[in-house]
file my_file.txt (compact mmCIF, C-alpha atoms)
# COMPACT_ATOMS: atom_id res chain seq x y z
CA MET C 1 -0.34 -5.55 14.23
CA SER C 2 1.14 -2.89 12.00
CA LEU C 3 1.97 -3.00 8.32
CA GLU C 4 5.71 -2.70 8.95
CA TYR C 5 6.09 -6.25 10.31
CA TYR C 6 4.62 -7.74 7.16
CA LEU C 7 6.71 -5.52 4.90
CA ILE C 8 9.91 -6.39 6.80
CA LEU C 9 9.11 -10.11 6.54
CA SER C 10 8.42 -9.61 2.83
CA ALA C 11 11.76 -7.81 2.36
CA LEU C 12 13.62 -10.60 4.18
CA LEU C 13 11.97 -13.33 2.09
CA PHE C 14 12.74 -11.41 -1.11
CA THR C 15 16.39 -11.02 -0.04
CA ILE C 16 16.71 -14.73 0.69
CA GLY C 17 15.43 -15.35 -2.84
CA VAL C 18 17.99 -12.93 -4.30
CA ILE C 19 20.84 -14.54 -2.35
CA GLY C 20 19.68 -17.94 -3.57
CA VAL C 21 19.77 -16.81 -7.20
CA LEU C 22 23.26 -15.40 -6.64
CA ILE C 23 24.87 -18.34 -4.85
CA ARG C 24 23.19 -21.43 -6.29
CA ARG C 25 24.23 -22.81 -9.67
CA ASN C 26 21.43 -25.37 -10.06
CA ALA C 27 18.84 -24.02 -12.51
CA ILE C 28 15.92 -25.66 -10.67
CA ILE C 29 16.89 -24.10 -7.34
CA ILE C 30 17.29 -20.73 -9.08
CA PHE C 31 13.71 -21.16 -10.28
CA MET C 32 12.54 -21.95 -6.75
CA CYS C 33 14.22 -18.76 -5.54
CA ILE C 34 12.33 -16.78 -8.19
CA GLU C 35 9.11 -18.28 -6.82
CA LEU C 36 10.22 -17.19 -3.37
CA MET C 37 10.69 -13.62 -4.57
CA LEU C 38 7.28 -13.57 -6.28
CA ASN C 39 5.74 -14.83 -3.05
CA ALA C 40 7.42 -12.10 -1.05
CA ALA C 41 5.92 -9.55 -3.42
CA ASN C 42 2.50 -11.21 -2.96
CA LEU C 43 2.82 -10.88 0.79
CA ALA C 44 3.53 -7.15 0.48
CA PHE C 45 0.55 -6.77 -1.88
CA VAL C 46 -1.86 -8.48 0.51
CA ALA C 47 -0.53 -6.62 3.57
CA ILE C 48 -0.91 -3.21 1.92
CA SER C 49 -4.32 -4.23 0.54
CA ARG C 50 -5.44 -5.04 4.08
CA SER C 51 -3.98 -1.82 5.44
CA LEU C 52 -5.81 0.28 2.84
CA GLY C 53 -9.02 -1.73 3.15
CA ASP C 54 -8.93 -2.13 -0.63
CA ALA C 55 -9.35 -5.38 -2.58
CA ASP C 56 -7.17 -4.34 -5.54
CA GLY C 57 -3.97 -5.67 -3.95
CA GLN C 58 -5.47 -9.13 -3.66
CA LEU C 59 -6.40 -9.09 -7.34
CA PHE C 60 -2.81 -8.31 -8.31
CA VAL C 61 -1.79 -11.40 -6.34
CA PHE C 62 -3.92 -13.54 -8.65
CA PHE C 63 -2.30 -12.04 -11.72
CA VAL C 64 1.15 -12.59 -10.21
CA MET C 65 0.22 -16.22 -9.51
CA ALA C 66 -0.98 -16.74 -13.09
CA VAL C 67 2.26 -15.29 -14.46
CA ALA C 68 4.27 -17.43 -12.02
CA ALA C 69 2.45 -20.58 -13.15
CA ALA C 70 3.09 -19.78 -16.82
CA GLU C 71 6.73 -18.94 -16.08
CA VAL C 72 7.31 -22.20 -14.17
CA ALA C 73 5.77 -24.29 -16.95
CA ILE C 74 7.95 -22.67 -19.63
CA GLY C 75 11.06 -22.60 -17.45
CA LEU C 76 10.88 -26.23 -16.47
CA ALA C 77 10.27 -27.24 -20.10
CA ILE C 78 13.42 -25.29 -21.06
CA ILE C 79 15.37 -26.92 -18.22
CA VAL C 80 14.25 -30.38 -19.35
CA SER C 81 15.26 -29.75 -22.95
CA VAL C 82 18.60 -28.24 -21.88
CA PHE C 83 19.21 -31.31 -19.75
CA LYS C 84 18.41 -33.59 -22.68
CA HIS C 85 21.02 -31.85 -24.84
CA ARG C 86 23.73 -31.02 -22.31
CA GLU C 87 23.29 -33.59 -19.52
CA THR C 88 23.63 -30.79 -16.99
CA ILE C 89 21.55 -27.98 -15.54
CA ASN C 90 24.44 -26.17 -13.89
CA VAL C 91 24.02 -22.62 -15.17
CA ASP C 92 27.80 -22.10 -15.28
CA GLU C 93 28.23 -24.99 -17.73
CA VAL C 94 25.35 -23.93 -19.98
CA ASN C 95 27.23 -21.03 -21.55
CA SER C 96 26.83 -21.41 -25.32
CA LEU C 97 25.57 -17.83 -25.56
CA LYS C 98 28.64 -16.42 -23.83
CA GLY C 99 30.17 -13.72 -26.01
CA MET S 100 1.11 -9.62 22.67
CA THR S 101 -2.10 -10.50 20.91
CA ALA S 102 -2.94 -13.86 19.40
CA GLU S 103 -2.52 -12.38 15.92
CA MET S 104 1.00 -11.24 16.76
CA ILE S 105 2.00 -14.64 18.17
CA LEU S 106 0.64 -16.37 15.06
CA PHE S 107 2.43 -13.83 12.85
CA PHE S 108 5.76 -14.56 14.49
CA ILE S 109 5.23 -18.32 14.28
CA PHE S 110 4.27 -18.25 10.59
CA GLY S 111 6.94 -15.66 9.81
CA ALA S 112 9.67 -17.66 11.52
CA VAL S 113 8.59 -20.87 9.78
CA SER S 114 8.53 -19.20 6.37
CA LEU S 115 11.98 -17.64 6.92
CA ILE S 116 13.44 -20.96 8.08
CA GLY S 117 11.87 -22.68 5.07
CA ALA S 118 13.28 -20.04 2.72
CA ILE S 119 16.77 -20.35 4.18
CA SER S 120 16.53 -24.14 3.86
CA VAL S 121 15.62 -23.76 0.17
CA ILE S 122 18.93 -22.09 -0.58
CA SER S 123 21.09 -24.16 1.78
CA PHE S 124 20.15 -27.80 1.08
CA ARG S 125 22.37 -29.43 -1.53
CA HIS S 126 19.74 -31.81 -2.84
CA PRO S 127 16.97 -30.16 -4.93
CA ILE S 128 14.28 -32.45 -3.46
CA TYR S 129 14.92 -31.11 0.04
CA SER S 130 14.84 -27.56 -1.33
CA ALA S 131 11.47 -28.24 -2.97
CA LEU S 132 10.04 -29.66 0.25
CA SER S 133 11.30 -26.61 2.21
CA LEU S 134 9.67 -24.39 -0.38
CA ILE S 135 6.35 -26.16 0.29
CA VAL S 136 6.76 -25.37 4.01
CA THR S 137 7.35 -21.70 3.11
CA PHE S 138 4.28 -21.62 0.86
CA PHE S 139 2.06 -23.12 3.57
CA SER S 140 3.20 -20.68 6.22
CA GLN S 141 2.64 -17.82 3.78
CA ALA S 142 -0.89 -19.12 3.29
CA GLY S 143 -1.21 -18.86 7.08
CA LEU S 144 -0.03 -15.25 6.91
CA PHE S 145 -2.64 -14.53 4.20
CA VAL S 146 -5.34 -15.92 6.52
CA LEU S 147 -4.05 -13.63 9.28
CA LEU S 148 -4.41 -10.72 6.86
CA GLY S 149 -8.03 -11.70 6.19
CA ALA S 150 -7.33 -12.78 2.60
CA HIS S 151 -8.91 -16.21 2.84
CA PHE S 152 -9.39 -16.77 -0.87
CA VAL S 153 -5.78 -15.80 -1.61
CA ALA S 154 -4.68 -18.29 1.06
CA ALA S 155 -6.73 -21.05 -0.54
CA VAL S 156 -5.37 -20.26 -3.99
CA GLN S 157 -1.85 -20.12 -2.56
CA VAL S 158 -2.21 -23.68 -1.25
CA ILE S 159 -3.91 -25.00 -4.39
CA VAL S 160 -1.76 -23.30 -7.04
CA TYR S 161 1.63 -22.91 -5.38
CA ALA S 162 1.84 -25.73 -2.85
CA GLY S 163 -0.22 -27.95 -5.14
CA ALA S 164 0.30 -27.45 -8.84
CA ILE S 165 3.63 -25.60 -9.06
CA MET S 166 5.43 -27.75 -6.50
CA VAL S 167 4.18 -30.95 -8.10
CA LEU S 168 5.66 -29.66 -11.36
CA PHE S 169 8.99 -28.96 -9.62
CA LEU S 170 9.12 -32.35 -7.88
CA PHE S 171 8.12 -34.08 -11.11
CA VAL S 172 10.96 -32.44 -13.06
CA ILE S 173 13.50 -33.10 -10.28
CA MET S 174 12.57 -36.77 -10.23
CA LEU S 175 12.38 -36.97 -14.04
CA LEU S 176 15.92 -35.62 -14.41
CA ASN S 177 17.12 -37.74 -11.46
CA LEU S 178 19.24 -34.86 -10.20
CA GLY S 179 20.23 -36.59 -7.00
CA THR S 180 22.97 -38.41 -8.86
CA LEU S 181 24.61 -35.22 -10.09
CA SER S 182 26.86 -34.17 -7.26
CA ALA S 183 28.67 -31.07 -8.48
CA GLN S 184 25.65 -28.78 -8.50
CA GLY S 185 25.96 -27.17 -5.13
CA ALA S 186 26.51 -23.56 -4.25
CA LEU S 187 29.25 -21.12 -5.08
CA THR S 188 32.18 -21.26 -2.74
CA GLY S 189 34.69 -18.91 -1.18
CA LYS S 190 35.00 -15.27 -2.10
CA LEU S 191 32.12 -15.06 -4.59
CA LYS S 192 29.69 -16.51 -2.07
CA GLY S 193 30.83 -13.99 0.52
CA VAL S 194 30.29 -11.13 -1.92
CA ALA S 195 26.81 -12.45 -2.78
CA VAL S 196 25.83 -12.76 0.88
CA VAL S 197 27.15 -9.27 1.74
CA LEU S 198 25.22 -7.77 -1.20
CA GLY S 199 22.14 -9.67 -0.09
CA ILE S 200 22.43 -8.33 3.45
CA LEU S 201 22.75 -4.81 2.05
CA LEU S 202 19.59 -5.39 -0.01
CA ALA S 203 17.78 -6.66 3.08
CA ALA S 204 18.86 -3.57 5.00
CA GLN S 205 17.52 -1.36 2.21
CA GLY S 206 14.24 -3.26 2.13
CA ILE S 207 13.79 -3.00 5.89
CA PHE S 208 14.68 0.69 5.79
CA ILE S 209 12.05 1.29 3.13
CA ALA S 210 9.46 -0.82 4.95
CA VAL S 211 10.01 1.08 8.20
CA ASN S 212 10.26 4.58 6.76
CA ALA S 213 8.09 4.68 3.64
CA PHE S 214 4.78 4.89 5.49
CA THR S 215 5.76 6.63 8.72
CA ASP S 216 4.10 9.95 8.02
CA THR S 217 1.13 8.58 6.14
CA GLU S 218 -2.19 7.36 7.40
CA VAL S 219 -1.51 3.87 6.04
CA GLY S 220 1.56 3.25 8.13
CA SER S 221 0.43 4.37 11.56
CA ALA S 222 0.47 1.63 14.13
CA ASP S 223 -3.25 0.96 14.28
CA ALA S 224 -4.01 1.65 10.61
CA MET S 225 -5.01 -1.96 9.99
CA GLU S 226 -7.46 -1.99 12.88
CA ARG S 227 -8.94 1.29 11.71
CA ALA S 228 -9.07 0.12 8.11
CA THR S 229 -10.91 -2.98 9.20
CA ALA S 230 -13.30 -0.90 11.25
CA ARG S 231 -13.82 1.70 8.51
CA VAL S 232 -14.78 -0.81 5.88
CA THR S 233 -18.13 -2.02 7.07
CA ASN S 234 -17.57 -5.49 5.69
CA PRO S 235 -13.92 -6.61 5.29
CA ILE S 236 -12.67 -7.77 1.89
CA GLU S 237 -14.57 -10.91 1.00
CA THR S 238 -14.27 -13.36 -1.83
CA SER S 239 -17.43 -11.95 -3.44
CA ASP S 240 -15.79 -8.48 -3.59
CA ILE S 241 -12.78 -9.98 -5.34
CA GLY S 242 -15.00 -11.79 -7.84
CA GLU S 243 -16.98 -8.65 -8.53
CA LEU S 244 -13.85 -6.57 -9.15
CA LEU S 245 -12.28 -9.31 -11.25
CA PHE S 246 -15.20 -9.45 -13.67
CA THR S 247 -15.87 -5.73 -13.88
CA GLU S 248 -12.94 -3.37 -13.36
CA TYR S 249 -10.22 -5.94 -14.04
CA LEU S 250 -11.92 -7.82 -16.85
CA LEU S 251 -9.30 -6.91 -19.46
CA PRO S 252 -6.29 -8.00 -17.34
CA PHE S 253 -8.21 -11.17 -16.51
CA GLU S 254 -8.64 -11.99 -20.20
CA VAL S 255 -5.02 -11.12 -20.92
CA THR S 256 -4.05 -13.57 -18.17
CA SER S 257 -5.85 -16.31 -20.08
CA LEU S 258 -3.78 -15.36 -23.15
CA ILE S 259 -0.58 -15.64 -21.09
CA LEU S 260 -1.56 -19.13 -19.97
CA LEU S 261 -2.42 -20.09 -23.56
CA ALA S 262 0.97 -18.77 -24.74
CA ALA S 263 2.70 -20.79 -22.01
CA LEU S 264 0.77 -23.91 -23.04
CA ILE S 265 1.69 -23.54 -26.71
CA GLY S 266 5.29 -22.69 -25.81
CA VAL S 267 5.70 -25.84 -23.73
CA ILE S 268 4.19 -27.99 -26.48
CA VAL S 269 6.57 -26.46 -29.06
CA LEU S 270 9.58 -27.02 -26.80
CA VAL S 271 8.71 -30.66 -26.22
CA LYS S 272 7.75 -31.31 -29.86
CA ARG S 273 11.05 -30.02 -31.24
CA ASP S 274 12.90 -32.47 -28.99
CA ASN S 275 10.90 -35.37 -30.36
CA GLN S 276 11.75 -34.44 -33.95
CA THR S 277 15.48 -34.20 -33.31
CA GLU S 278 15.53 -37.57 -31.58
CA SER S 279 13.62 -39.41 -34.30
call {"tool": "encode", "arguments": {"input": "my_file.txt", "output": "structure tokens"}}
result
Amino acid sequence: MSLEYYLILSALLFTIGVIGVLIRRNAIIIFMCIELMLNAANLAFVAISRSLGDADGQLFVFFVMAVAAAEVAIGLAIIVSVFKHRETINVDEVNSLKG
Amino acid sequence: MTAEMILFFIFGAVSLIGAISVISFRHPIYSALSLIVTFFSQAGLFVLLGAHFVAAVQVIVYAGAIMVLFLFVIMLLNLGTLSAQGALTGKLKGVAVVLGILLAAQGIFIAVNAFTDTEVGSADAMERATARVTNPIETSDIGELLFTEYLLPFEVTSLILLAALIGVIVLVKRDNQTES
């Protein structure tokens, strides 16, 4: 089982996340797609860690997970407060900062 | 076709189908449930790679804590009643999908070519790596590294979580003041 299969799967999952961010307008689904991309990166980390026989890659996964958890907590709090003020979480309608 | 390969293709296919479902369902609840499927199959892939502790943390943190947070917010905001929050349509969607396919092609190209001439990428590198390391990566190795070489990043991680905690409290508190 070579490294390439895992890296290709990781690239495909990352791309699906990118397409999701591009085509969906719902802020919560955009957040889920960001999680998907972080997970794809984790998969590449673990696969390369295994291939090198080195535990460092797995440690980076824990740091990525901690950052993802913090990001989700903050992001969802922002989404909730935006929803309270605007009654929508469609990212096209939340455009107060548009120049 | 070894057992590992069959399991890889099963878990890989399930995680890809789950990921595609995340971006194609209209209702956020269905997307969240598909995301849980993807996270679980990725935990399976981590087990295949011998990273048992990462797999356990994946299930506990991602499929557990983070998805509960997502489902909680979706249900709190009652988003099912808001209909006009689907995907882009028409030309823009086509452009996005074409760009995405180009990105996927780039990623696959890199994955196939980046390691071809190196020792890491040769077909049986993983078997040899497993054989070379007398004992494969175990949870105790991870713990040892985490509290010696990576102690500073570990402590900084706790600061990040503290900052997130305080940030969330501030965000929620400000809302209470404006309402009252």
call {"tool": "atom_distance", "arguments": {"input": "my_file.txt", "atom1": "atom CA of Leu52 of chain C", "atom2": "atom CA of Gly143 of chain S"}}
result
20.1 Å
call {"tool": "closest_residue", "arguments": {"input": "my_file.txt", "among": "C:Leu97, C:Val91, C:Ala55, C:Met37", "to": "chain S", "atoms": "only C-alpha atoms"}}
result
C:Ala55
call {"tool": "residues_around", "arguments": {"input": "my_file.txt", "residues": "Gly57 of chain C", "least_positions_apart": "6", "cutoff": "12 Å", "atoms": "all atoms listed in the file", "output": "number ranges by chain"}}
result
C: 41-51, 63-64; S: 148, 150, 153, 236, 241, 244-245, 249
call {"tool": "closest_residue", "arguments": {"input": "my_file.txt", "among": "C:Glu4, C:Asp92, C:Asp56, C:Leu76", "to": "Leu22 of chain C", "atoms": "all atoms listed in the file"}}
result
C:Asp92
call {"tool": "residues_around", "arguments": {"input": "my_file.txt", "residues": "segment 121-134 of chain S", "least_positions_apart": "5", "cutoff": "9 Å", "atoms": "all atoms listed in the file", "output": "NGL selection string"}}
result
(:C and (16-17 or 19-21 or 23-24 or 26 or 28-30 or 32-33 or 35-36)) or (:S and (114 or 116 or 139 or 162 or 166 or 169-170 or 173-174 or 178-179 or 182 or 184-186))
call {"tool": "atom_distance", "arguments": {"input": "my_file.txt", "atom1": "atom CA of Thr137 of chain S", "atom2": "atom CA of Val113 of chain S"}}
result
6.8 Å
call {"tool": "closest_residue", "arguments": {"input": "my_file.txt", "among": "S:Leu258, S:Ala102, S:Ala154, S:Val196", "to": "chain C", "atoms": "only C-alpha atoms"}}
result
S:Val196
call {"tool": "residues_around", "arguments": {"input": "my_file.txt", "residues": "Val72 of chain C", "least_positions_apart": "2", "cutoff": "9 Å", "atoms": "only C-alpha atoms", "output": "PyMOL selection string"}}
result
(chain C and resi 31+35+67-70+74-77) or (chain S and resi 165+168-169)
call {"tool": "atom_distance", "arguments": {"input": "my_file.txt", "atom1": "atom CA of Leu260 of chain S", "atom2": "atom CA of Val160 of chain S"}}
result
13.6 Å
call {"tool": "closest_residue", "arguments": {"input": "my_file.txt", "among": "S:Gly189, S:Leu202, S:Ile135, S:Ile109", "to": "chain C", "atoms": "all atoms listed in the file"}}
result
S:Leu202
call {"tool": "residues_around", "arguments": {"input": "my_file.txt", "residues": "Gly206 of chain S", "least_positions_apart": "5", "cutoff": "10 Å", "atoms": "all atoms listed in the file", "output": "list in words"}}
result
Leu7, Ile8, Leu9, Ser10, Ala11, Leu12, Phe14 and Thr15 of chain C; Ile200, Leu201, Val211 and Asn212 of chain S
call {"tool": "closest_residue", "arguments": {"input": "my_file.txt", "among": "C:Val80, C:Ala40, C:Ala27, C:Ala66", "to": "Val255 of chain S", "atoms": "all atoms listed in the file"}}
result
C:Ala66
call {"tool": "residues_near_point", "arguments": {"input": "my_file.txt", "point": "(12.2, -33.3, -17.0)", "cutoff": "6 Å", "atoms": "all atoms listed in the file", "output": "VMD selection string"}}
result
(chain C and resid 80) or (chain S and resid 172 175 to 176)
